[in-house]
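model04.txt follows; it contains compact mmCIF, C-alpha atoms.
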```
# COMPACT_ATOMS: atom_id res chain seq x y z
CA ILE U 585 172.48 102.80 252.03
CA THR U 586 170.54 101.62 248.99
CA ALA U 587 167.78 100.39 251.32
CA VAL U 588 167.68 103.74 253.14
CA VAL U 589 167.48 105.57 249.80
CA SER U 590 164.60 103.44 248.54
CA GLU U 591 162.70 103.94 251.80
CA VAL U 592 163.19 107.62 252.54
CA GLU U 593 164.44 109.26 249.30
CA PRO U 594 162.82 107.26 246.48
CA ASN U 595 163.32 110.11 244.00
CA PHE U 596 167.08 110.10 244.54
CA VAL U 597 168.50 107.93 241.77
CA LEU U 598 171.86 106.33 242.43
CA ASP U 599 173.98 106.66 239.31
CA ASP U 600 177.41 105.07 238.94
CA ALA U 601 179.12 107.88 240.86
CA THR U 602 176.73 108.02 243.81
CA ALA U 603 176.52 104.22 243.95
CA LEU U 604 180.32 104.12 244.25
CA MET U 605 180.25 106.72 247.03
CA ALA U 606 177.52 104.77 248.85
CA GLN U 607 179.54 101.56 248.63
CA GLU U 608 182.65 103.25 250.00
CA ILE U 609 180.72 104.92 252.83
CA GLU U 610 179.21 101.59 253.89
CA ARG U 611 182.67 100.04 253.96
CA ALA U 612 184.04 102.85 256.14
CA VAL U 613 181.11 102.79 258.58
CA GLU U 614 181.56 99.07 259.20
CA GLY U 615 185.29 99.33 259.87
CA ARG U 616 187.64 100.25 262.68
CA GLY U 617 189.93 103.23 262.31
CA GLU U 618 188.87 103.76 258.69
CA ARG U 619 190.00 106.90 256.87
CA LEU U 620 187.95 107.45 253.72
CA MET U 621 188.40 110.43 251.42
CA LEU U 622 185.91 110.90 248.59
CA VAL U 623 186.86 113.42 245.91
CA PRO U 624 183.70 114.12 243.87
CA HIS U 625 182.88 116.49 241.05
CA PRO U 626 180.50 119.46 241.62
CA ARG U 627 176.76 118.74 241.78
CA SER U 628 177.40 115.07 242.49
CA GLY U 629 174.72 114.69 245.18
CA LYS U 630 177.43 114.19 247.76
CA SER U 631 175.82 116.24 250.55
CA LEU U 632 172.55 114.33 250.36
CA LEU U 633 174.53 111.10 250.26
CA MET U 634 176.44 112.14 253.39
CA SER U 635 173.10 112.73 255.14
CA LEU U 636 171.86 109.32 254.03
CA GLY U 637 175.13 107.74 255.16
CA PHE U 638 174.79 109.44 258.56
CA ILE U 639 171.34 107.87 259.09
CA TYR U 640 172.47 104.53 257.64
CA SER U 641 175.24 104.51 260.25
CA LEU U 642 172.80 105.41 263.03
CA LEU U 643 170.41 102.60 262.06
CA ARG U 644 173.21 100.06 261.70
CA HIS U 645 174.95 101.07 264.93
CA PRO U 646 172.34 102.67 267.20
CA ASP U 647 174.73 103.06 270.15
CA ARG U 648 177.28 105.19 268.29
CA PRO U 649 177.69 108.96 268.63
CA GLN U 650 178.40 110.89 265.42
CA ILE U 651 179.54 114.34 264.35
CA LEU U 652 179.06 115.91 260.92
CA ILE U 653 181.01 119.06 260.11
CA SER U 654 179.98 121.51 257.37
CA ALA U 655 181.81 124.52 255.98
CA SER U 656 179.59 127.05 257.76
CA GLN U 657 176.88 127.32 260.37
CA ARG U 658 174.30 128.04 257.65
CA LEU U 659 175.20 124.83 255.82
CA ALA U 660 175.20 122.93 259.12
CA VAL U 661 171.63 124.08 259.84
CA ASN U 662 170.52 122.96 256.37
CA HIS U 663 172.34 119.65 256.77
CA SER U 664 170.77 119.08 260.17
CA LYS U 665 167.25 119.74 258.86
CA ARG U 666 167.79 117.26 256.04
CA ILE U 667 169.21 114.61 258.37
CA LEU U 668 166.28 114.97 260.77
CA GLN U 669 163.80 114.69 257.90
CA ILE U 670 165.51 111.48 256.72
CA ALA U 671 165.65 110.14 260.28
CA GLN U 672 161.95 110.75 260.86
CA ARG U 673 161.03 109.11 257.55
CA ALA U 674 163.10 106.12 258.67
CA GLY U 675 161.11 105.94 261.91
CA VAL U 676 163.71 107.46 264.24
CA LYS U 677 162.17 109.38 267.15
CA LEU U 678 164.08 112.04 269.06
CA HIS U 679 164.67 111.82 272.78
CA PRO U 680 162.63 114.54 274.54
CA LYS U 681 165.79 115.81 276.25
CA SER U 682 167.59 116.47 272.95
CA ARG U 683 169.31 119.85 273.17
CA SER U 684 168.53 121.12 269.67
CA THR U 685 167.97 120.08 266.06
CA GLN U 686 171.74 120.21 265.63
CA GLU U 687 172.57 118.17 268.74
CA TRP U 688 170.09 115.39 269.49
CA GLN U 689 169.73 111.83 270.68
CA PRO U 690 167.48 109.09 269.34
CA ALA U 691 164.78 107.97 271.77
CA TRP U 692 166.09 104.44 272.34
CA ALA U 693 167.92 103.65 275.58
CA SER U 694 171.45 103.33 274.16
CA GLY U 695 171.15 106.35 271.86
CA LYS U 696 174.11 108.73 271.78
CA THR U 697 174.42 112.34 270.66
CA GLN U 698 174.18 113.04 266.94
CA ALA U 699 175.71 116.44 266.17
CA VAL U 700 175.85 118.58 263.03
CA ILE U 701 178.03 121.67 263.37
CA GLY U 702 179.76 124.36 261.37
CA ARG U 703 183.50 124.35 260.81
CA THR U 704 184.26 127.07 263.37
CA THR U 705 182.12 125.51 266.13
CA SER U 706 184.06 123.67 268.84
CA CYS U 707 183.49 119.93 269.27
CA LEU U 708 184.06 120.24 273.02
CA GLY U 709 181.96 117.70 274.91
CA LEU U 710 181.06 115.70 271.79
CA GLY U 711 182.22 112.26 270.70
CA ALA U 712 182.19 110.44 267.37
CA ALA U 713 182.51 106.80 266.46
CA THR U 714 182.17 108.16 262.92
CA LEU U 715 183.28 111.68 262.04
CA TRP U 716 181.77 113.08 258.83
CA ILE U 717 183.41 116.10 257.15
CA ASP U 718 181.46 117.54 254.24
CA ASP U 719 183.58 120.00 252.25
CA PRO U 720 185.07 122.00 255.15
CA VAL U 721 185.80 124.95 252.83
CA GLY U 722 182.74 126.51 251.25
CA SER U 723 184.16 128.68 248.48
CA ARG U 724 187.10 129.03 246.10
CA ALA U 725 187.99 132.33 247.81
CA ASP U 726 188.35 130.54 251.16
CA SER U 727 190.39 127.80 249.50
CA GLN U 728 192.86 130.45 248.32
CA SER U 729 193.18 131.99 251.79
CA PRO U 730 196.24 130.76 253.71
CA THR U 731 194.54 131.82 256.97
CA VAL U 732 191.38 129.81 256.31
CA MET U 733 193.27 126.76 255.08
CA ALA U 734 195.59 126.81 258.10
CA ASP U 735 192.56 127.08 260.39
CA VAL U 736 190.89 124.03 258.77
CA VAL U 737 194.01 121.90 259.10
CA GLU U 738 194.51 123.05 262.69
CA ARG U 739 190.91 122.27 263.65
CA TYR U 740 191.15 118.84 262.07
CA GLY U 741 194.29 117.98 264.01
CA SER U 742 193.53 119.59 267.37
CA ASP U 743 189.74 119.36 267.68
CA TRP U 744 187.89 117.14 265.21
CA ILE U 745 190.12 114.08 265.23
CA SER U 746 190.39 114.18 269.03
CA ARG U 747 186.65 113.43 269.27
CA LEU U 748 187.01 109.94 267.81
CA GLN U 749 186.06 106.97 269.98
CA ARG U 750 185.17 103.30 269.70
CA ASP U 751 181.80 101.73 270.35
CA ALA U 752 181.05 98.95 272.85
CA ASN U 753 182.31 96.36 270.34
CA GLY U 754 185.63 98.08 269.85
CA ASN U 755 184.77 99.38 266.39
CA GLY U 756 184.49 102.93 265.15
CA GLU U 757 187.04 105.77 265.18
CA ASN U 758 186.18 106.22 261.51
CA VAL U 759 186.49 109.38 259.39
CA VAL U 760 184.61 110.06 256.16
CA LEU U 761 185.83 113.18 254.35
CA VAL U 762 184.17 114.49 251.19
CA ASN U 763 186.29 117.20 249.62
CA GLN U 764 185.93 118.83 246.21
CA ARG U 765 189.47 119.83 245.32
CA LEU U 766 189.74 123.62 245.03
CA SER U 767 193.36 124.02 246.09
CA SER U 768 196.47 121.89 246.44
CA THR U 769 196.72 123.10 250.05
CA ASP U 770 193.18 122.17 251.08
CA LEU U 771 192.50 119.61 253.81
CA ALA U 772 192.46 116.73 251.34
CA GLY U 773 195.81 117.83 249.92
CA GLN U 774 197.35 118.09 253.39
CA LEU U 775 196.08 114.66 254.41
CA ILE U 776 197.24 113.05 251.16
CA SER U 777 200.67 114.55 251.78
CA ARG U 778 200.72 113.09 255.30
CA ALA U 779 199.57 109.73 253.93
CA LYS U 780 202.86 109.49 252.08
CA LYS U 781 204.51 109.58 255.52
CA GLY U 782 202.53 106.64 256.89
CA GLN U 783 199.11 108.09 257.79
CA SER U 784 196.97 105.90 255.54
CA TRP U 785 193.86 107.15 253.73
CA ARG U 786 191.66 105.39 251.21
CA VAL U 787 191.29 108.05 248.49
CA VAL U 788 188.52 107.52 245.95
CA HIS U 789 188.16 109.92 243.01
CA ILE U 790 184.55 109.94 241.85
CA PRO U 791 184.22 110.00 238.04
CA VAL U 792 181.95 112.41 236.23
CA THR U 793 178.92 110.60 234.84
CA HIS U 794 176.88 111.69 231.84
CA PRO U 795 173.34 110.71 230.84
CA ALA U 796 173.22 108.10 228.13
CA ASP U 797 172.85 109.47 224.60
CA PRO U 798 169.23 109.22 223.49
CA ALA U 799 170.32 107.66 220.15
```

Write the structure described by the file as structure tokens, please.
Amino acid sequence: ITAVVSEVEPNFVLDDATALMAQEIERAVEGRGERLMLVPHPRSGKSLLMSLGFIYSLLRHPDRPQILISASQRLAVNHSKRILQIAQRAGVKLHPKSRSTQEWQPAWASGKTQAVIGRTTSCLGLGAATLWIDDPVGSRADSQSPTVMADVVERYGSDWISRLQRDANGNGENVVLVNQRLSSTDLAGQLISRAKKGQSWRVVHIPVTHPADPA
């Protein structure tokens, strides 16, 4: 990811927190059946890093389909625009038959669908060797709503996770979840609770970093 950053986002400086997230994302992308949960602080650069990780994964494994899920359709559109900008800076060309800027294929022969969707959009017909979930709840109010939280957990279990698949080498089926903790009953909390019952997650709490004192 560091190489992608230096090539396409040279103004994005990796501090200790973002460097740790980048390292963990690389590890998850290269694995099989990985479950990575990153718990960052606000304004950590995590959404841009997820976009960079998405393109890193595409460049490393050009035959893999991917899905990225955002909290809302508006955020998904913004995420998709950023991902396409990064992809184009990295030299990725879109296949002329790509359906939209939120559901596209790279132009090479083995390219698979790369999708960026909002939380309430169905994943029907899509597949993912890596599933990216970027803060599925967009506000504290939603995090306090039992209806919204139940819907997120239900979609994760019945829709999102069912899209996972392996690539031609038998790798993939990876999930990268970035979740700022707003409630003990959010998706991260539910998955951590299940992890105690045998469903393993690698949970990484990202520390807050401060600029060095000018002294």

Identify, on the basis of all atoms listed in the file, every residue whose closest approach to Ala693 in chain U does not exceed 10 Å; exclude the query and any residue fewer than 2 positions from it along the same chain; express the result as number ranges by chain.
U: 646-647, 679, 689-691, 695-696

Compare U:Arg778, U:Arg627, U:Arg658, U:Arg703 by their minimum atom-to-atom distance to Arg739 in chain U, counting all atoms listed in the file, and give me the closest one.
U:Arg703

With all atoms listed in the file counted and 12 Å as the cut-off, give the residues of range 636-694 of chain U in contact with range 586-591 of chain U, each with its shortest interatomic distance in Å and the pair that gives it, as CSV.
```
residue,atom,partner,partner_atom,distance
U:Leu636,CA,U:Val588,CA,7.0
U:Gly637,CA,U:Val588,CA,8.7
U:Phe638,CA,U:Val588,CA,10.6
U:Ile639,CA,U:Val588,CA,8.1
U:Tyr640,CA,U:Val588,CA,6.6
U:Ser641,CA,U:Val588,CA,10.4
U:Leu642,CA,U:Val588,CA,11.3
U:Leu643,CA,U:Val588,CA,9.4
U:Arg644,CA,U:Val588,CA,10.8
U:Ile670,CA,U:Val588,CA,8.8
U:Ala671,CA,U:Val588,CA,9.8
U:Gln672,CA,U:Glu591,CA,11.4
U:Arg673,CA,U:Glu591,CA,7.9
U:Ala674,CA,U:Glu591,CA,7.2
U:Gly675,CA,U:Glu591,CA,10.4
```

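Shortest separation to Ser628 in chain U among U:Gly711, U:Gly773, U:Pro791, U:Gly756 occurs at residue U:Pro791, atoms counted being only C-alpha atoms.
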
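All protein, DNA and RNA residues at most 12 Å from (194.2, 121.0, 246.1) are Val623, Val721, Arg724, Ser727, Gln728, Met733, Asn763, Gln764, Arg765, Leu766, Ser767, Ser768, Thr769, Asp770, Leu771, Ala772, Gly773, Gln774, Leu775, Ile776 and Ser777 of chain U, using all atoms listed in the file.
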
Measuring atom to atom with all atoms listed in the file, identify which of U:His645, U:His625, U:Arg611, U:His663 is nearest to Asp718 in chain U.
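The closest residue to Asp718 in chain U is U:His663.
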
Name the residues in contact with Tyr740 in chain U at a cut-off of 12 Å, using only C-alpha atoms, excluding same-chain residues fewer than 5 positions from it; report them as a compact mmCIF listing (two decimals) with C-alpha atoms, in the coordinates of the input.
```txt
# COMPACT_ATOMS: atom_id res chain seq x y z
CA ILE U 653 181.01 119.06 260.11
CA ARG U 703 183.50 124.35 260.81
CA THR U 704 184.26 127.07 263.37
CA THR U 705 182.12 125.51 266.13
CA SER U 706 184.06 123.67 268.84
CA CYS U 707 183.49 119.93 269.27
CA LEU U 715 183.28 111.68 262.04
CA TRP U 716 181.77 113.08 258.83
CA ILE U 717 183.41 116.10 257.15
CA PRO U 720 185.07 122.00 255.15
CA MET U 733 193.27 126.76 255.08
CA ALA U 734 195.59 126.81 258.10
CA ASP U 735 192.56 127.08 260.39
CA ILE U 745 190.12 114.08 265.23
CA SER U 746 190.39 114.18 269.03
CA ARG U 747 186.65 113.43 269.27
CA LEU U 748 187.01 109.94 267.81
CA VAL U 759 186.49 109.38 259.39
CA LEU U 761 185.83 113.18 254.35
CA ASP U 770 193.18 122.17 251.08
CA LEU U 771 192.50 119.61 253.81
CA ALA U 772 192.46 116.73 251.34
CA GLN U 774 197.35 118.09 253.39
CA LEU U 775 196.08 114.66 254.41
```

What's the separation between CA of Gly754 in chain U and CA of Arg616 in chain U, in Å to one decimal place?
7.8 Å

Straight-line distance linking CA of Ala713 in chain U with CA of Trp688 in chain U, stated in Å to one decimal:
15.4 Å
